[in-house]
Every structure is written in C-alpha cells, then in structure tokens.
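Student: There's a structure below that I have some questions on.
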Amino acid sequence: MGARLLMMLTCIRLAEDFGTTYRVNWFPQGADAPELDQPQELFTQGWMDDHFLSQKEFGKLTQNALPIWSFQNDASPDRLIAHLNAGRSVVVEEGFEVLAFAWEDIEAIRPRYRDFIHRIGFTDEIRAIMERADAKLSGQGVSAYHIRRGDILNGLPWKHTTWPAKIEPEELYEAHLEKNADTTAIMFSDQPELIARFQKRFPNMLQMADIVDVSGMTRAKRDFLELYTMSRADQVIAPSVSAFSMAASQIAGYQSKMFREVLSEEEVSNANEKVVDRLTKGVSGFLNPSEAAHIYAKATFHLLDFRSEDRTVSATEIASQILNAGADNAFLPLLQAINLFYLGRGEDALQMVDRALNDANIWPEDHAVARALRAAILGARKKRWLAAREFSLAFWAKPLRPDVIVFGSRLLFRDQLAFRALPPLDWSVQKSVRRPWFNFNAHVAQRKVIAKRPCNFDLVLLDWSILSLDQRARRLDSDRERLLSLLDGLETMKNLAPEAQFPEESPEHRSLKSILHVRLGQMSNVNAIDIAKWVCSQRKDNPLYLKRLAELYEAEGDFSRARLAMADAMASDPGNPFLVFAMGCLLARIGAEGQSDRLLLEAADLDDNTAAIQGAAGQLLLQRGQKGKARGYLSRAHELCPKFQRFSNQLKRAGG
C-alpha cells in the first residue's frame, strides 16, 4: 500500500514539474497483496478510468520506456526532457523514497508530497475520513508512534528470526511520551493490546478509533486510512525499518525519526535498563513468550555492549527463562548457544546450537550463523578438520553474513582451521587483509569473539565465488565498493604488526594488487599476465597463483593457455576437488562440455562437503535424464545446505 501510494505521488510530482501526464499500473488481481485486489474500495471509478492502465496498455508504453533511476545520476535534466519530448515514457517502480535528481534539492521537494495526496481520486467515504484526520491532527504539533509487532511475533515464518530494525521495546516509547507529556500523541500498532496498555498509562493518548472506527472496514481501507492519519502528525517516531511508518512520513513530507534522534543517549540507556528489568521478571510482562523472545533479542545489544560491564550471565539467565516458558522461536536457541560460548561452556553451547540446527523453522541466515558457531566450538577443541568442514558449510551458504565472518576470523587468527578441507588460497594473506568492524546488526557481540578487526573474506570470493550459493556474494566483480574495500585492506596491512605484513614487492602483494586493479579496470589483462607469470615462478607450491593466471588468460581470450595453466594448477595438487571443479567450470565456460562434465562429476566424487560441487553434479545428471544418479548428489547437496531451495526443488524433479 505505502509503496504504491508513494510511486503515485512521485508520478504526480514528475508530471507537474516536467509538463506531462501520469498513469498507474495497479497490478493484476491475485498478485502480491490480495487485500488490494479491489482498488474501487479506495478510488472513484472516474479517476481510475482517467489514470489506470490495463496490462496491455502498460506493456505497450514500456516498450520504449526507461526506468526513472536511469536519469538520477545525470548532471542536468536535458536527457530526461529530450526523452519525454520524443513521446517516450519513464517508469517509476520503487516506493518508500522521495525522488530527487542530482540537479534538484530533495529538501525542497519533500514537503510538496504532503499536498500531492489530495490530487488522488479517493472515494467520498475515504475523503471524508481524511478530512476528519486533517482537522484533528494537522498543525497541532502531534507526535505519532508506530509499534511494529503482529506477524513478526506470531506469523510463520516471520516469528522464527530476529527483526532488530523493526522492533523497539515499549520502554523507549514510554520514555518519549513522558518527556513530551504536554504534546498530543497518537499511536498505531498492528498489535491492539499494546495500544490498550499504553492508554491505561497515558489516557490522553489518541488512537485511530478517536478519529474514526475502522474496525469493520476492509483491510485496504483500514491500512490506507491509518497510514494517512499517521501522515498528518507533525512527526512520526518509529523503528528504523518499517515500511508502514516510512511511507506515512514520506507522504507527510518529512522523514520518520528513530529513538536515538529524539532521546538522549542516557535516556535510551535508562529505557533499556527497564527493558532488562522487565525481561528478568519473566514472560508475564509480555504479550506472549514470542514477544519476550523478540524483545530479548533486541535487548542483547544493550546487555552485551562492549563499553559496559560484562552481563553475559544475565543474558543467559533471561534466555533460559524464556525458553523454559515455552518460546518456540527458532532463533532463541542460537542466541543462547552464543551466550554459552561467551561463557566458555563449550559442551552446553554445542547442545544448544544443535538444537537450533535441528529446528526446521530456522532461517537460512541463522542456520549459517549456527554452523559458524559450531565451527568455532570445534576449533576451540583443536578439532581443526571438523571445524574447517563446518565453517565451509556456513561460509558458502552466507559468505557476507557478519557473524560468519567474525567467527571465521577467530578460527583463522587462532590457527583452528585445517586448510586442506578448504579451497587453495594464500591463507596468510587472508589473515592479514582486514575490513572495518561491522556497524550493523549481527547476533554476535564482535569483541567477545575477536579482539582484532575481522578479516575481509571477500578475498576468498575473489578466487572462489563459484562455490558460493549466495548470488549477491557471487557478484563481487560488479561491486566496486567491495573491490575497493579489499584494496584498502591491502593498503592498511602496513598498520599491522610486522609479522602480519607482506612487502609491496612480494609475490603475494603484487598478485593481489594486480588482480584487484584488473577487476577495477585499472590494469590491462596483458600487464597482469606478466605479473602473474612472475608470481607463479616465485610461488610454485601454491596452485592459487596458477589458477589466477589461467583466469587472466581466459579473460584475454587465450583459452589454450588458460587450460594449460589450470592443468598445471591441478598437477601441483593432484586430487584436489576444488581445482578439479574449477577446471570443469573453466572448460564449461569455453565450450568444452564433454571434458567439463567429466571433471564436474569427478570433483563431486572427490569432495563430499561442498554443496555447490554436489549440486552441480546433480544438476548435470538431471539434465541428462539420469534421475537415479542425480538423486545421490542432490540429496547430499540438500543435506549440506538444507535451507537452499534450489536443491530441494531439483531433488523433487529427480524423484527424491
């Protein structure tokens, strides 16, 4: 709802500023949001006749259209104006942001959105309630609060992972309400019990029913009218990632505010202490055990803040209490396993992490974190081979997940990985190329796991992205920011202890720098090949550098030399499944399919712990119609990465 309204407002703005018209493609019935299948609940028939497009009309218009974002980096409006003057269209297909071009001032445009909403042809019923909301709230200095709960607490599958950017505890709302007791307030929530609880303490606080009773209306009417009413407040205070409140504030012509913007650091800290007190008293102070679990997940950022005293024991006791109360959220055993790991209770942590892994409801990201934690526990027990295999499962599933990278860095710093279970790399370089601390949400308190900045594991993906199941991770070559971060890690290596550095003229340093410069378009393949040949002569015992040489030849179109270099890599480490797989992929890319197929199957027989290798073999056999043989490989791929939908789908097609 919110996204579609914002797209419409953007179209109204563009039509006004560029002297053109706008049309709306209200999506087909039965699409993403069935509650919006009946737009006549909101809009007059005349307005829809004038502004709505059929799918056929939309398809015709988009044949020579361009997306609006393709003009956003232009220095002037000239190209957009020429495009429109030629009778062509632009498509607005993203909501939740006020759109401004590089030559415009977004702060001059933002306030205009507040009036644009009145240019949409709402029905008389809807418009009458909008006018009532305007009369009650507009210009009255009202603060609107949005509390997100609902499906996050109780719905499947949403309740089974954490939402720290969507959930804020009640105590923060109370702190701001108390601080602004003389200001009119209105609260919105998808959990009406919470509003009732707040009104007992703040009887003057308004809710939607004080404007109009929407309880008997359809979902579309109710959602729009609550969103519009929220937009009439002078400020919206809400979680940082809430589509509903974000849309309301954008329609209002301003940005919603987070609690750190409206409360002091001390006020936030005091509110969080009250959250901890409520959690300590048990789940009776919450809507249900699931809400207690979600609020606990949010409170861990306060409990485990590295700037305060160590309160891991308290965190563990609270989590245990919520688990004993019957909370079945799949993420909670994982958070408790992390607590136990911090306390050095390895055996208890292992039991709890296995409980998390065995929960069919666990989300893919949390499954990968649990694997990485399991690897860290095994590594601490000096079981380097098992730790490496476990970390491999975590990393190839979610190589960009902060928790996975933090645990992987710990394993690497403490020499707790058997590199033979991992693809050929220069692991000493990997240990020395660091990245900044993560500044966004993760399950782990980073400084309880490692004291040093984490490693930049994009270095692994630079050479072995073919093993990753995560598509975003595989797109490293097209992500300039990530490539520059690797280059920065190479540069800041000089700030590390002398034993962790590599001289600029060393083969390791020159190889990595040249590869990054090639990927960034700062060096030709020909020059990089010269460097790579010298590096290979200096590091004959590491097949990684021969693989890099092969890929440079391939990029230059010299397939014969590419095959020879990769063959040399395989010869330097016979039977290495990762090199066999890399050769198979190389041959597939250059069209030698028969030889490629043989090597892909050979790699899968040599390696039993890499889902991408097992899956490639299974898919190959499935394409050949050999379903029986395919099932064995696809079953193994599914066992290794049970949360990856593609393997389970392929397994079904193979009759498994």
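In the structure tokens, chains take the letters A, B, ... in the order shown, each chain's residues start at 1, and ligands count up from 1 in the order shown.
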Could you pull out the helix (DSSP H, G or I) residues of segment 542-639 of chain A, going by DSSP on the backbone, and write them as a PyMOL selection string?

Tutor: chain A and resi 543-555+559-572+577-589+593-606+611-623+627-639

Student: Suppose we keep C-alpha atoms; can you now write the selection as an mmCIF file, in the first residue's frame?

Tutor:
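What landed in selection22.cif:
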data_model
loop_
_atom_site.group_PDB
_atom_site.id
_atom_site.type_symbol
_atom_site.label_atom_id
_atom_site.label_comp_id
_atom_site.auth_asym_id
_atom_site.auth_seq_id
_atom_site.Cartn_x
_atom_site.Cartn_y
_atom_site.Cartn_z
ATOM 1 C CA PRO A 543 48.185 -23.597 -7.154
ATOM 2 C CA LEU A 544 46.141 -20.470 -6.397
ATOM 3 C CA TYR A 545 48.519 -18.342 -8.437
ATOM 4 C CA LEU A 546 48.331 -20.709 -11.425
ATOM 5 C CA LYS A 547 44.533 -20.547 -11.207
ATOM 6 C CA ARG A 548 44.696 -16.731 -11.269
ATOM 7 C CA LEU A 549 46.983 -16.903 -14.321
ATOM 8 C CA ALA A 550 44.543 -19.256 -16.056
ATOM 9 C CA GLU A 551 41.646 -16.874 -15.453
ATOM 10 C CA LEU A 552 43.641 -13.926 -16.807
ATOM 11 C CA TYR A 553 44.368 -15.903 -19.984
ATOM 12 C CA GLU A 554 40.680 -16.774 -20.222
ATOM 13 C CA ALA A 555 39.682 -13.119 -19.858
ATOM 14 C CA PHE A 559 41.772 -20.392 -23.995
ATOM 15 C CA SER A 560 44.630 -22.715 -24.864
ATOM 16 C CA ARG A 561 46.999 -21.107 -22.364
ATOM 17 C CA ALA A 562 44.168 -20.873 -19.835
ATOM 18 C CA ARG A 563 43.688 -24.645 -19.993
ATOM 19 C CA LEU A 564 47.427 -25.280 -19.696
ATOM 20 C CA ALA A 565 47.772 -23.010 -16.658
ATOM 21 C CA MET A 566 44.809 -24.661 -14.934
ATOM 22 C CA ALA A 567 46.201 -28.092 -15.776
ATOM 23 C CA ASP A 568 49.469 -27.041 -14.119
ATOM 24 C CA ALA A 569 47.484 -25.979 -11.058
ATOM 25 C CA MET A 570 45.825 -29.397 -10.902
ATOM 26 C CA ALA A 571 49.172 -31.146 -11.388
ATOM 27 C CA SER A 572 50.674 -29.223 -8.483
ATOM 28 C CA PRO A 577 38.464 -31.416 -5.660
ATOM 29 C CA PHE A 578 38.325 -27.624 -5.732
ATOM 30 C CA LEU A 579 40.884 -27.401 -8.540
ATOM 31 C CA VAL A 580 39.163 -30.215 -10.451
ATOM 32 C CA PHE A 581 35.869 -28.323 -10.104
ATOM 33 C CA ALA A 582 37.484 -25.040 -11.175
ATOM 34 C CA MET A 583 38.886 -26.739 -14.289
ATOM 35 C CA GLY A 584 35.458 -28.209 -15.036
ATOM 36 C CA CYS A 585 33.865 -24.762 -14.758
ATOM 37 C CA LEU A 586 36.569 -23.226 -16.952
ATOM 38 C CA LEU A 587 36.020 -25.852 -19.646
ATOM 39 C CA ALA A 588 32.264 -25.280 -19.475
ATOM 40 C CA ARG A 589 32.754 -21.544 -19.973
ATOM 41 C CA GLU A 593 31.357 -29.505 -22.420
ATOM 42 C CA GLY A 594 32.264 -33.183 -22.656
ATOM 43 C CA GLN A 595 35.522 -32.762 -20.721
ATOM 44 C CA SER A 596 33.826 -30.323 -18.376
ATOM 45 C CA ASP A 597 31.074 -32.792 -17.453
ATOM 46 C CA ARG A 598 33.614 -35.497 -16.623
ATOM 47 C CA LEU A 599 35.560 -33.185 -14.306
ATOM 48 C CA LEU A 600 32.463 -31.832 -12.542
ATOM 49 C CA LEU A 601 31.404 -35.366 -11.677
ATOM 50 C CA GLU A 602 34.948 -36.260 -10.629
ATOM 51 C CA ALA A 603 35.055 -33.239 -8.301
ATOM 52 C CA ALA A 604 31.799 -34.322 -6.665
ATOM 53 C CA ASP A 605 33.209 -37.803 -6.068
ATOM 54 C CA LEU A 606 36.381 -36.337 -4.518
ATOM 55 C CA ALA A 611 27.059 -28.049 -1.664
ATOM 56 C CA ALA A 612 27.858 -26.172 -4.882
ATOM 57 C CA ILE A 613 30.026 -29.057 -6.156
ATOM 58 C CA GLN A 614 27.476 -31.735 -5.239
ATOM 59 C CA GLY A 615 24.653 -29.632 -6.680
ATOM 60 C CA ALA A 616 26.488 -29.041 -9.980
ATOM 61 C CA ALA A 617 26.962 -32.783 -10.443
ATOM 62 C CA GLY A 618 23.346 -33.499 -9.578
ATOM 63 C CA GLN A 619 22.030 -30.828 -11.941
ATOM 64 C CA LEU A 620 24.252 -32.142 -14.748
ATOM 65 C CA LEU A 621 22.887 -35.664 -14.351
ATOM 66 C CA LEU A 622 19.339 -34.347 -14.043
ATOM 67 C CA GLN A 623 19.735 -32.558 -17.383
ATOM 68 C CA LYS A 627 17.476 -39.114 -12.262
ATOM 69 C CA GLY A 628 18.658 -42.047 -10.180
ATOM 70 C CA LYS A 629 22.290 -40.953 -10.222
ATOM 71 C CA ALA A 630 21.296 -37.295 -9.833
ATOM 72 C CA ARG A 631 19.406 -38.046 -6.623
ATOM 73 C CA GLY A 632 22.552 -39.129 -4.791
ATOM 74 C CA TYR A 633 24.389 -35.867 -5.459
ATOM 75 C CA LEU A 634 21.334 -33.652 -4.966
ATOM 76 C CA SER A 635 20.478 -35.413 -1.704
ATOM 77 C CA ARG A 636 23.979 -34.697 -0.441
ATOM 78 C CA ALA A 637 23.757 -31.060 -1.571
ATOM 79 C CA HIS A 638 20.438 -30.736 0.259
ATOM 80 C CA GLU A 639 21.906 -32.301 3.423
#

Student: Neighbours of Arg232 of chain A within 8 Å (only C-alpha atoms; same-chain residues fewer than 3 positions away dropped), as number ranges by chain?

Tutor: A: 133-134, 137-138, 228-229, 252

Student: Excluding segment 286-290 of chain A and any residue of its chain fewer than 5 positions from it, enumerate the residues within 10 Å of it, using only C-alpha atoms, and give them as a list of chain:residue names.

Tutor: A:Ile152, A:Leu153, A:Asn154, A:Lys159, A:His160, A:Gln191, A:Glu193, A:Leu194, A:Arg278, A:Leu279, A:Ile295, A:Tyr296, A:Gln321, A:Ile322, A:Leu323, A:Asn324, A:Ala325, A:Gly326, A:Ala327, A:Asp328, A:Asn329, A:Leu332

Student: Skipping near chain neighbours, those fewer than 3 positions away, what residues fall within 12 Å of Trp534 of chain A using only C-alpha atoms, listed as a short mmCIF file (atom, residue, chain, number, x, y, z; two decimals) with all heavy atoms, in the first residue's frame?

Tutor:
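Written output follows (selection_24.cif):
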data_model
loop_
_atom_site.label_atom_id
_atom_site.label_comp_id
_atom_site.auth_asym_id
_atom_site.auth_seq_id
_atom_site.Cartn_x
_atom_site.Cartn_y
_atom_site.Cartn_z
N GLU A 505 56.62 -5.45 -2.78
CA GLU A 505 57.23 -6.14 -3.91
C GLU A 505 57.17 -7.66 -3.77
O GLU A 505 57.71 -8.38 -4.61
CB GLU A 505 58.68 -5.69 -4.08
CG GLU A 505 58.82 -4.24 -4.57
CD GLU A 505 57.99 -3.97 -5.82
OE1 GLU A 505 58.12 -4.74 -6.80
OE2 GLU A 505 57.19 -3.02 -5.83
N SER A 506 56.53 -8.14 -2.72
CA SER A 506 56.42 -9.59 -2.54
C SER A 506 55.46 -10.17 -3.58
O SER A 506 54.55 -9.48 -4.06
CB SER A 506 55.92 -9.92 -1.13
OG SER A 506 54.57 -9.49 -0.99
N PRO A 507 55.61 -11.43 -3.94
CA PRO A 507 54.69 -12.05 -4.91
C PRO A 507 53.23 -11.97 -4.45
O PRO A 507 52.34 -11.73 -5.26
CB PRO A 507 55.18 -13.50 -4.99
CG PRO A 507 56.62 -13.43 -4.61
CD PRO A 507 56.71 -12.34 -3.57
N GLU A 508 53.01 -12.21 -3.14
CA GLU A 508 51.64 -12.20 -2.62
C GLU A 508 50.98 -10.84 -2.83
O GLU A 508 49.84 -10.73 -3.30
CB GLU A 508 51.65 -12.54 -1.12
CG GLU A 508 52.10 -13.95 -0.79
CD GLU A 508 53.62 -14.08 -0.71
OE1 GLU A 508 54.33 -13.06 -0.91
OE2 GLU A 508 54.09 -15.20 -0.44
N ARG A 510 51.93 -8.31 -4.86
CA ARG A 510 51.82 -7.91 -6.27
C ARG A 510 50.70 -8.67 -6.97
O ARG A 510 49.98 -8.11 -7.81
CB ARG A 510 53.15 -8.15 -6.98
CG ARG A 510 54.26 -7.19 -6.55
CD ARG A 510 55.45 -7.26 -7.47
NE ARG A 510 55.11 -6.79 -8.82
CZ ARG A 510 55.91 -6.91 -9.87
NH1 ARG A 510 57.09 -7.52 -9.73
NH2 ARG A 510 55.55 -6.47 -11.06
N SER A 511 50.52 -9.94 -6.64
CA SER A 511 49.46 -10.73 -7.26
C SER A 511 48.09 -10.16 -6.91
O SER A 511 47.26 -9.89 -7.80
CB SER A 511 49.54 -12.19 -6.81
OG SER A 511 48.44 -12.93 -7.32
N ASN A 527 49.14 -6.80 -18.90
CA ASN A 527 50.10 -6.43 -17.86
C ASN A 527 49.97 -7.34 -16.64
O ASN A 527 50.97 -7.72 -16.03
CB ASN A 527 49.90 -4.97 -17.44
CG ASN A 527 50.36 -4.00 -18.51
OD1 ASN A 527 51.12 -4.35 -19.41
ND2 ASN A 527 49.90 -2.76 -18.43
N ALA A 528 48.72 -7.69 -16.30
CA ALA A 528 48.51 -8.56 -15.15
C ALA A 528 49.06 -9.96 -15.41
O ALA A 528 49.55 -10.63 -14.49
CB ALA A 528 47.02 -8.63 -14.82
N ILE A 529 48.98 -10.42 -16.66
CA ILE A 529 49.53 -11.74 -17.02
C ILE A 529 51.04 -11.77 -16.80
O ILE A 529 51.59 -12.75 -16.27
CB ILE A 529 49.16 -12.09 -18.47
CG1 ILE A 529 47.68 -12.48 -18.55
CG2 ILE A 529 50.03 -13.23 -19.00
CD1 ILE A 529 47.15 -12.62 -19.97
N ASP A 530 51.72 -10.71 -17.16
CA ASP A 530 53.17 -10.64 -16.94
C ASP A 530 53.50 -10.76 -15.45
O ASP A 530 54.43 -11.48 -15.07
CB ASP A 530 53.73 -9.33 -17.49
CG ASP A 530 53.75 -9.29 -19.02
OD1 ASP A 530 53.70 -10.38 -19.63
OD2 ASP A 530 53.78 -8.19 -19.59
N ILE A 531 52.73 -10.06 -14.63
CA ILE A 531 52.96 -10.14 -13.18
C ILE A 531 52.63 -11.54 -12.68
O ILE A 531 53.39 -12.12 -11.89
CB ILE A 531 52.09 -9.08 -12.45
CG1 ILE A 531 52.54 -7.67 -12.82
CG2 ILE A 531 52.15 -9.29 -10.94
CD1 ILE A 531 51.61 -6.57 -12.32
N SER A 537 56.30 -18.21 -10.87
CA SER A 537 57.69 -18.69 -10.81
C SER A 537 58.25 -18.59 -9.39
O SER A 537 59.16 -19.34 -9.02
CB SER A 537 58.57 -17.89 -11.78
OG SER A 537 58.77 -16.56 -11.31
N GLN A 538 57.70 -17.66 -8.60
CA GLN A 538 58.18 -17.46 -7.23
C GLN A 538 57.42 -18.31 -6.21
O GLN A 538 57.93 -18.57 -5.12
CB GLN A 538 58.03 -15.98 -6.84
CG GLN A 538 58.77 -15.01 -7.74
CD GLN A 538 60.27 -15.22 -7.70
OE1 GLN A 538 60.87 -15.24 -6.63
NE2 GLN A 538 60.87 -15.43 -8.87
N ARG A 539 56.20 -18.69 -6.54
CA ARG A 539 55.34 -19.44 -5.61
C ARG A 539 54.83 -20.71 -6.29
O ARG A 539 53.64 -20.92 -6.46
CB ARG A 539 54.18 -18.56 -5.14
CG ARG A 539 54.61 -17.35 -4.30
CD ARG A 539 55.15 -17.79 -2.94
NE ARG A 539 55.55 -16.67 -2.12
CZ ARG A 539 56.79 -16.21 -2.03
NH1 ARG A 539 57.78 -16.80 -2.72
NH2 ARG A 539 57.09 -15.20 -1.23
N LYS A 540 55.77 -21.56 -6.67
CA LYS A 540 55.44 -22.77 -7.42
C LYS A 540 54.61 -23.77 -6.61
O LYS A 540 53.97 -24.65 -7.18
CB LYS A 540 56.72 -23.45 -7.90
CG LYS A 540 57.53 -22.59 -8.86
CD LYS A 540 58.82 -23.27 -9.24
CE LYS A 540 59.66 -22.39 -10.17
NZ LYS A 540 60.95 -23.01 -10.52
N TYR A 545 47.97 -19.33 -7.51
CA TYR A 545 48.52 -18.34 -8.44
C TYR A 545 48.45 -18.84 -9.89
O TYR A 545 48.29 -18.04 -10.81
CB TYR A 545 49.94 -17.98 -8.01
CG TYR A 545 49.93 -17.32 -6.64
CD1 TYR A 545 50.43 -17.97 -5.52
CD2 TYR A 545 49.36 -16.06 -6.47
CE1 TYR A 545 50.40 -17.37 -4.27
CE2 TYR A 545 49.32 -15.47 -5.23
CZ TYR A 545 49.84 -16.12 -4.13
OH TYR A 545 49.78 -15.52 -2.89
N LEU A 546 48.54 -20.15 -10.09
CA LEU A 546 48.33 -20.71 -11.43
C LEU A 546 46.87 -20.56 -11.85
O LEU A 546 46.57 -20.28 -13.01
CB LEU A 546 48.75 -22.18 -11.45
CG LEU A 546 50.26 -22.44 -11.44
CD1 LEU A 546 50.56 -23.86 -11.01
CD2 LEU A 546 50.85 -22.15 -12.82
N LEU A 549 46.40 -17.07 -12.99
CA LEU A 549 46.98 -16.90 -14.32
C LEU A 549 46.04 -17.47 -15.38
O LEU A 549 45.81 -16.84 -16.43
CB LEU A 549 48.35 -17.59 -14.39
CG LEU A 549 49.06 -17.58 -15.75
CD1 LEU A 549 49.31 -16.15 -16.23
CD2 LEU A 549 50.37 -18.38 -15.68
#

Student: One decimal, in Å: what's the spacing between atom CA of Trp163 of chain A and atom CA of Ala185 of chain A?

Tutor: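 Pair atom CA of Trp163 of chain A / atom CA of Ala185 of chain A returns 25.4 Å.
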
Student: One decimal, Å: what's the distance from atom CA of Ser284 of chain A over to atom CA of Ile318 of chain A, could you say?

Tutor: 13.0 Å

Student: Determine, counting only C-alpha atoms, which protein, DNA and RNA residues have an atom within 12 Å of an atom of segment 97-111 of chain A; residues of the same chain fewer than 4 positions away are not included. Present the result as number ranges by chain.

Tutor: A: 2-14, 16-17, 68-78, 80, 92-93, 115-117, 231, 234, 243, 246-256

Student: Print the selection's residues with N, CA and C atoms to a file, as a compact mmCIF listing (two decimals), in the first residue's frame.

Tutor:
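Done, and the output landed in out00.txt:
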# COMPACT_ATOMS: atom_id res chain seq x y z
N GLY A 2 1.73 1.37 1.01
CA GLY A 2 2.56 2.56 1.13
C GLY A 2 3.44 2.79 -0.08
N ALA A 3 4.05 1.71 -0.57
CA ALA A 3 4.95 1.84 -1.72
C ALA A 3 4.19 2.32 -2.95
N ARG A 4 3.00 1.76 -3.17
CA ARG A 4 2.23 2.15 -4.35
C ARG A 4 1.77 3.60 -4.28
N LEU A 5 1.38 4.04 -3.10
CA LEU A 5 0.98 5.44 -2.94
C LEU A 5 2.15 6.38 -3.21
N LEU A 6 3.29 6.01 -2.70
CA LEU A 6 4.46 6.88 -2.91
C LEU A 6 4.86 6.93 -4.37
N MET A 7 4.74 5.82 -5.07
CA MET A 7 5.04 5.84 -6.50
C MET A 7 4.06 6.75 -7.24
N MET A 8 2.81 6.72 -6.82
CA MET A 8 1.81 7.59 -7.44
C MET A 8 2.14 9.06 -7.16
N LEU A 9 2.51 9.38 -5.93
CA LEU A 9 2.86 10.75 -5.59
C LEU A 9 4.08 11.22 -6.37
N THR A 10 5.04 10.32 -6.56
CA THR A 10 6.22 10.66 -7.36
C THR A 10 5.82 10.97 -8.80
N CYS A 11 4.90 10.17 -9.33
CA CYS A 11 4.43 10.42 -10.70
C CYS A 11 3.72 11.76 -10.81
N ILE A 12 2.91 12.10 -9.79
CA ILE A 12 2.22 13.39 -9.78
C ILE A 12 3.26 14.51 -9.78
N ARG A 13 4.28 14.37 -8.96
CA ARG A 13 5.34 15.39 -8.88
C ARG A 13 6.06 15.54 -10.21
N LEU A 14 6.43 14.42 -10.83
CA LEU A 14 7.15 14.48 -12.10
C LEU A 14 6.28 15.07 -13.21
N GLU A 16 3.91 17.22 -12.89
CA GLU A 16 3.80 18.66 -12.66
C GLU A 16 5.08 19.39 -13.07
N ASP A 17 6.23 18.85 -12.69
CA ASP A 17 7.50 19.54 -12.92
C ASP A 17 7.98 19.44 -14.36
N ILE A 68 13.05 5.35 -14.18
CA ILE A 68 13.38 6.70 -13.74
C ILE A 68 14.79 6.77 -13.16
N TRP A 69 15.25 5.67 -12.52
CA TRP A 69 16.58 5.71 -11.90
C TRP A 69 17.69 5.89 -12.93
N SER A 70 17.41 5.59 -14.21
CA SER A 70 18.47 5.73 -15.22
C SER A 70 18.84 7.19 -15.48
N PHE A 71 18.03 8.12 -14.97
CA PHE A 71 18.33 9.55 -15.14
C PHE A 71 18.87 10.18 -13.85
N GLN A 72 18.93 9.44 -12.76
CA GLN A 72 19.20 10.05 -11.47
C GLN A 72 20.62 10.55 -11.29
N ASN A 73 21.55 10.00 -12.05
CA ASN A 73 22.94 10.47 -11.92
C ASN A 73 23.31 11.53 -12.96
N ASP A 74 22.35 11.90 -13.81
CA ASP A 74 22.61 12.95 -14.80
C ASP A 74 22.87 14.28 -14.09
N ALA A 75 23.72 15.10 -14.69
CA ALA A 75 24.04 16.40 -14.09
C ALA A 75 22.99 17.45 -14.40
N SER A 76 22.15 17.21 -15.41
CA SER A 76 21.13 18.17 -15.81
C SER A 76 19.89 17.41 -16.28
N PRO A 77 18.76 18.12 -16.43
CA PRO A 77 17.53 17.44 -16.88
C PRO A 77 17.45 17.26 -18.39
N ASP A 78 18.48 17.65 -19.12
CA ASP A 78 18.40 17.69 -20.59
C ASP A 78 18.01 16.35 -21.20
N LEU A 80 16.50 13.74 -19.85
CA LEU A 80 15.14 13.36 -19.48
C LEU A 80 14.11 14.15 -20.30
N VAL A 92 8.24 4.53 -12.98
CA VAL A 92 8.57 4.64 -11.55
C VAL A 92 8.15 3.33 -10.91
N GLU A 93 9.11 2.58 -10.40
CA GLU A 93 8.80 1.23 -9.90
C GLU A 93 9.36 0.96 -8.51
N ASP A 115 0.85 17.61 0.10
CA ASP A 115 -0.35 18.06 -0.61
C ASP A 115 -0.70 17.19 -1.81
N PHE A 116 0.31 16.51 -2.38
CA PHE A 116 0.04 15.68 -3.56
C PHE A 116 -1.01 14.61 -3.29
N ILE A 117 -1.07 14.13 -2.06
CA ILE A 117 -2.00 13.04 -1.74
C ILE A 117 -3.45 13.44 -2.05
N SER A 231 0.26 10.17 8.73
CA SER A 231 0.99 11.18 7.95
C SER A 231 0.59 12.61 8.30
N ASP A 234 2.83 15.80 13.09
CA ASP A 234 3.98 16.66 12.81
C ASP A 234 5.29 15.88 12.83
N ALA A 243 8.07 -0.26 6.78
CA ALA A 243 7.52 0.25 5.52
C ALA A 243 6.30 1.12 5.78
N MET A 246 7.38 4.48 7.38
CA MET A 246 8.23 5.18 6.42
C MET A 246 7.37 5.80 5.33
N ALA A 247 6.39 5.04 4.85
CA ALA A 247 5.51 5.57 3.82
C ALA A 247 4.70 6.75 4.36
N ALA A 248 4.20 6.63 5.57
CA ALA A 248 3.41 7.71 6.16
C ALA A 248 4.23 8.99 6.26
N SER A 249 5.46 8.88 6.71
CA SER A 249 6.28 10.08 6.87
C SER A 249 6.67 10.69 5.52
N GLN A 250 6.92 9.85 4.53
CA GLN A 250 7.25 10.38 3.21
C GLN A 250 6.05 11.09 2.60
N ILE A 251 4.87 10.53 2.78
CA ILE A 251 3.65 11.18 2.30
C ILE A 251 3.46 12.52 3.02
N ALA A 252 3.86 12.56 4.29
CA ALA A 252 3.74 13.79 5.08
C ALA A 252 4.75 14.85 4.66
N GLY A 253 5.80 14.44 3.96
CA GLY A 253 6.80 15.41 3.52
C GLY A 253 7.99 15.53 4.45
N TYR A 254 8.21 14.53 5.29
CA TYR A 254 9.39 14.54 6.15
C TYR A 254 9.84 13.10 6.37
N GLN A 255 10.91 12.90 7.08
CA GLN A 255 11.39 11.56 7.37
C GLN A 255 11.03 11.16 8.79
N SER A 256 10.64 9.91 8.97
CA SER A 256 10.34 9.44 10.32
C SER A 256 11.61 9.46 11.17

Student: Report the distance between atom CA of Glu265 of chain A and atom CA of Glu174 of chain A in Å, rounded to one decimal place.

Tutor: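 For atom CA of Glu265 of chain A relative to atom CA of Glu174 of chain A, the distance reads 15.2 Å.
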
Student: Quick one: residues within 10 Å of Leu484 of chain A, only C-alpha atoms, excluding same-chain residues fewer than 3 positions away - as a compact mmCIF listing (two decimals) with C-alpha atoms, in the first residue's frame?

Tutor:
# COMPACT_ATOMS: atom_id res chain seq x y z
CA ASP A 479 30.57 -4.40 -6.82
CA ARG A 480 33.15 -1.64 -6.97
CA GLU A 481 32.74 -0.74 -3.30
CA LEU A 487 42.27 -2.81 -1.95
CA ASP A 488 42.01 -0.71 1.21
CA GLY A 489 42.66 -3.82 3.31
CA LEU A 490 45.80 -4.46 1.29
CA LEU A 516 42.14 -6.08 -7.94
CA HIS A 517 43.36 -3.47 -10.42
CA ARG A 519 38.75 -6.13 -11.75
CA LEU A 520 38.51 -2.37 -11.15

Student: Write down as a PyMOL selection string the residues belonging to segment 210-452 of chain A that are assigned strand (DSSP E or B) by DSSP computed on the backbone.

Tutor: chain A and resi 235-237+257+434

Student: Store the residues picked out above in a file with N, CA and C atoms, as a short mmCIF file (atom, residue, chain, number, x, y, z; two decimals), in the first residue's frame.

Tutor:
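Dumped everything to result_39.cif:
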data_model
loop_
_atom_site.label_atom_id
_atom_site.label_comp_id
_atom_site.auth_asym_id
_atom_site.auth_seq_id
_atom_site.Cartn_x
_atom_site.Cartn_y
_atom_site.Cartn_z
N GLN A 235 5.30 14.74 13.50
CA GLN A 235 6.47 13.86 13.44
C GLN A 235 6.02 12.44 13.68
N VAL A 236 6.72 11.50 13.05
CA VAL A 236 6.46 10.07 13.23
C VAL A 236 7.70 9.46 13.87
N ILE A 237 7.49 8.77 14.96
CA ILE A 237 8.59 8.10 15.67
C ILE A 237 8.34 6.61 15.55
N LYS A 257 11.42 9.52 12.49
CA LYS A 257 12.55 9.64 13.40
C LYS A 257 12.71 8.37 14.21
N ARG A 434 42.25 -7.06 6.27
CA ARG A 434 41.16 -6.85 7.22
C ARG A 434 40.09 -5.91 6.64
#

Student: Find, counting only C-alpha atoms, the residue in A:Gln336, A:Val433, A:His443, A:Arg222 that gets nearest to Asp348 of chain A.

Tutor: A:Gln336
